[in-house]
Amino acid sequence: MFRFLMPALLLLSGSALAQGFPLDSAWAAARRHYPLLRQQEATDRAAALQLRNIRTGYLPQAEINGKATYQSDVVAIPIKLPNVSIPSIPKDQYNLTLDVRQLIYDGGATGGQRDLALARAQTERQRVEVDLHQLRQQVSQVYFNALIWDAHIAARKEMIAEVKQRRERLQAGVDNGTVLASQVDMLQAEALKAEQQLEEAVNGKQAALATLALLTGKPAADMEHLELPKPASTGNDPIQRPELALFRYQQAVLGSQAKLTETATRPRLSAFVQGGYGRPGLNMLSDKFDFYYMGGLRLQWTLWNWRYQHTERAALREQETGIQAQADAFDLQTRAKLLQQQAEINTLESAMAKDREIVSLRGKVKAVSAAQLDNGVMTVHDYLTDLYAETAAIIAGKTREIQFVYATIQYQVIKGY
């Protein structure tokens with residue numbers, strides 16, 4: 001049974017090693033690996049702590065106050081009665097109090113602070129989303145560069161195999177004395193040149209994979225088998241760029257600030273209790289240390305602040321107008337980029353049809369040249385010219401096909417998808 005089990009295990013391990021690394025997986029891995037994603041988590045934790053602090057505004061507040069004073073004069077009763085001793089207020093006074101306050105109504109200030117903290121946290125999270133969208137573009141560019149290098153590698157390998165086959169056939173003629181050795185040497189030189197070009201393409205792909213590994217946190221060995229995605233749709237979906245959402249959140253922050261500013265002119269009501277020990281106590285005519293307490297309600301209402309709130313709200317509205325102008329300008333620029341991208345897609349699509357025809361014709365010409373070379377009626381130089389033309393056409397056609405897919409995906413990325 002072991003003999004039957006081992007081939008199955010090898011087959012499974014081979015399929016696992018050959019597992020592809022699609023573009024969606026590269027995007028997801030880069031997002032998880034991006035350091036700024038930790039900033040988003042830190043923003044959430046900081047916002048939670050700020051909200052916890054804001055909620056303490058509804059809890060009782062307690063503080064201890066103390067003072068010791070000496071004054072040059074005190075209130076005295078300018079009356080003298082026979083056989084009556086009127087106490088005098090001491091010039092040195094001491095007080096230690098415990099004050100407890102409970103907020104009853106603050107005009108919505110605490111709620112406004114909560115809304116502002118949430119709006120600011122959402123804005124900071126969206127800033128990270130903007131950076132992640134730019135990372136998405138970078139990953140796409142590197143991924144498709146690696147695919148283009150793959151096309152170069154495949155074409156160069158095919159060319160090297162073709163030259164090797166022709167060289168072996170001519171070598172037989174050299175051995176028989178019917179072909180000059182220089183013809184074989186010319187093929188050998190071109191094979192070496194093609195190997196140089198192959199090595200350049202391999203190094204280019206390795207550099208692209210190394211960059212992709214750096215961005216995704218994945219080993220480069222896991223990304224050897226990249227997959228060419230299907231062309232993306234270029235429909236009339238609305239623009240969903242994260243920058244536009246960031247502009248909206250920035251306006252929401254200004255709106256929350258404006259609402260919080262309005263609470264400054266509203267009344268505030270709180271209850272308080274004060275307990276103390278000192279000299280004098282509540283009885284100002286006593287020169288003894290004594291305990292005392294008092295309680296009540298406190299009302300605060302700012303009736304006039306020199307139009308500060310009005311000016312502040314006007315400034316916030318101007319800032320909001322400025323942000324809206326930035327959003328409109330960004331939307332205009334994005335639509336212009338989409339028009340340019342659509343034009344590039346149309347150009348590539350038209351060229352691709354011609355590429356297929358060119359590759360087919362170049363292949364036929366090269367096949368005839370190869371047959372004539374084998375029959376000794378064509379020089380190696382003329383054959384190599386046709387071979388290079390076919391290889392260049394294959395590389396150009398495959399590159400344009402990859403660029404077309406990249407252009408359609410880039411169109412969606414520009415839209416924010």
# chains A, B, ... in the order shown; residues from 1 in each chain; ligands from 1
>>> residues_around(residues="Arg167 (chain A)", least_positions_apart="5", cutoff="12 Å", atoms="only C-alpha atoms", output="list in words")
Ile160, Ala161, Glu162, Ala172, Gly173, Val174, Val179, Leu180, Ala181, Ser182, Gln183, Val184, Asp185, Met186, Leu187, Gln188, Ala189, Glu190, Ala191, Ala370, Leu373, Asp374, Val380, Tyr383 and Leu384 of chain A
>>> select_by_dssp(residues="region 81-159 of chain A", states="alpha helix (DSSP H)", output="PyMOL selection string")
chain A and resi 109-159
>>> closest_residue(among="A:Leu96, A:Leu23, A:Ala367, A:Ile77", to="Tyr292 (chain A)", atoms="only C-alpha atoms")
A:Leu96
>>> select_by_dssp(residues="region 33-71 of chain A", states="strand (DSSP E)", output="list in words")
Gln61, Ala62, Glu63, Ile64, Asn65, Gly66, Lys67, Ala68, Thr69 and Tyr70 of chain A
>>> write_last_selection(atoms="N, CA, C and O atoms", output="tab-separated table (two decimals), in the first residue's frame")
chain	number	residue	atom	x	y	z
A	61	GLN	N	-18.44	64.61	40.71
A	61	GLN	CA	-17.05	65.05	40.79
A	61	GLN	C	-16.77	65.52	42.21
A	61	GLN	O	-17.53	66.29	42.78
A	62	ALA	N	-15.66	65.06	42.77
A	62	ALA	CA	-15.31	65.41	44.15
A	62	ALA	C	-13.90	65.98	44.18
A	62	ALA	O	-13.02	65.51	43.46
A	63	GLU	N	-13.71	67.00	45.03
A	63	GLU	CA	-12.38	67.57	45.19
A	63	GLU	C	-12.24	68.13	46.59
A	63	GLU	O	-13.22	68.53	47.23
A	64	ILE	N	-11.02	68.15	47.06
A	64	ILE	CA	-10.70	68.67	48.38
A	64	ILE	C	-10.00	70.01	48.19
A	64	ILE	O	-9.07	70.13	47.39
A	65	ASN	N	-10.45	71.01	48.93
A	65	ASN	CA	-9.86	72.34	48.87
A	65	ASN	C	-9.48	72.78	50.29
A	65	ASN	O	-10.21	72.51	51.26
A	66	GLY	N	-8.39	73.44	50.40
A	66	GLY	CA	-7.97	73.95	51.70
A	66	GLY	C	-7.28	75.29	51.56
A	66	GLY	O	-6.68	75.58	50.52
A	67	LYS	N	-7.40	76.11	52.58
A	67	LYS	CA	-6.69	77.38	52.55
A	67	LYS	C	-6.47	77.88	53.98
A	67	LYS	O	-7.22	77.56	54.90
A	68	ALA	N	-5.41	78.61	54.14
A	68	ALA	CA	-5.10	79.27	55.42
A	68	ALA	C	-4.72	80.72	55.09
A	68	ALA	O	-3.85	80.95	54.24
A	69	THR	N	-5.39	81.68	55.74
A	69	THR	CA	-5.17	83.08	55.39
A	69	THR	C	-4.99	83.92	56.65
A	69	THR	O	-5.42	83.53	57.76
A	70	TYR	N	-4.38	85.03	56.45
A	70	TYR	CA	-4.29	86.04	57.52
A	70	TYR	C	-4.58	87.37	56.86
A	70	TYR	O	-3.99	87.72	55.83
>>> residues_around(residues="region 300-305 of chain A", least_positions_apart="2", cutoff="8 Å", atoms="only C-alpha atoms", output="PDB file with C-alpha atoms, in the first residue's frame")
ATOM      1  CA  ALA A 264     -21.448  77.270  25.070  1.00  0.00           C
ATOM      2  CA  THR A 265     -24.375  79.738  25.292  1.00  0.00           C
ATOM      3  CA  ARG A 266     -26.803  77.296  26.894  1.00  0.00           C
ATOM      4  CA  PRO A 267     -27.446  77.191  30.652  1.00  0.00           C
ATOM      5  CA  ARG A 268     -25.731  74.637  32.855  1.00  0.00           C
ATOM      6  CA  LEU A 269     -27.309  73.283  36.018  1.00  0.00           C
ATOM      7  CA  ARG A 298     -25.768  76.086  40.805  1.00  0.00           C
ATOM      8  CA  ARG A 307     -20.344  87.109  19.502  1.00  0.00           C
ATOM      9  CA  TYR A 308     -17.600  84.501  19.896  1.00  0.00           C
ATOM     10  CA  GLN A 309     -19.925  81.598  19.016  1.00  0.00           C
TER      11      GLN A 309
END
>>> closest_residue(among="A:Leu147, A:Asp382, A:Thr56, A:Met159", to="Gly111 (chain A)", atoms="only C-alpha atoms")
A:Thr56
>>> closest_residue(among="A:Gln165, A:Thr261, A:Gln122, A:Gln333", to="Arg241 (chain A)", atoms="only C-alpha atoms")
A:Gln333
>>> closest_residue(among="A:Gln93, A:Thr234, A:Gln50, A:Ser256", to="Gln410 (chain A)", atoms="only C-alpha atoms")
A:Thr234
>>> residues_around(residues="Phe272 (chain A)", least_positions_apart="6", cutoff="7 Å", atoms="only C-alpha atoms", output="ChimeraX atom specification")
/A:100-102,295-297
>>> atom_distance(atom1="CA of Gln134 (chain A)", atom2="CA of Thr43 (chain A)")
20.0 Å
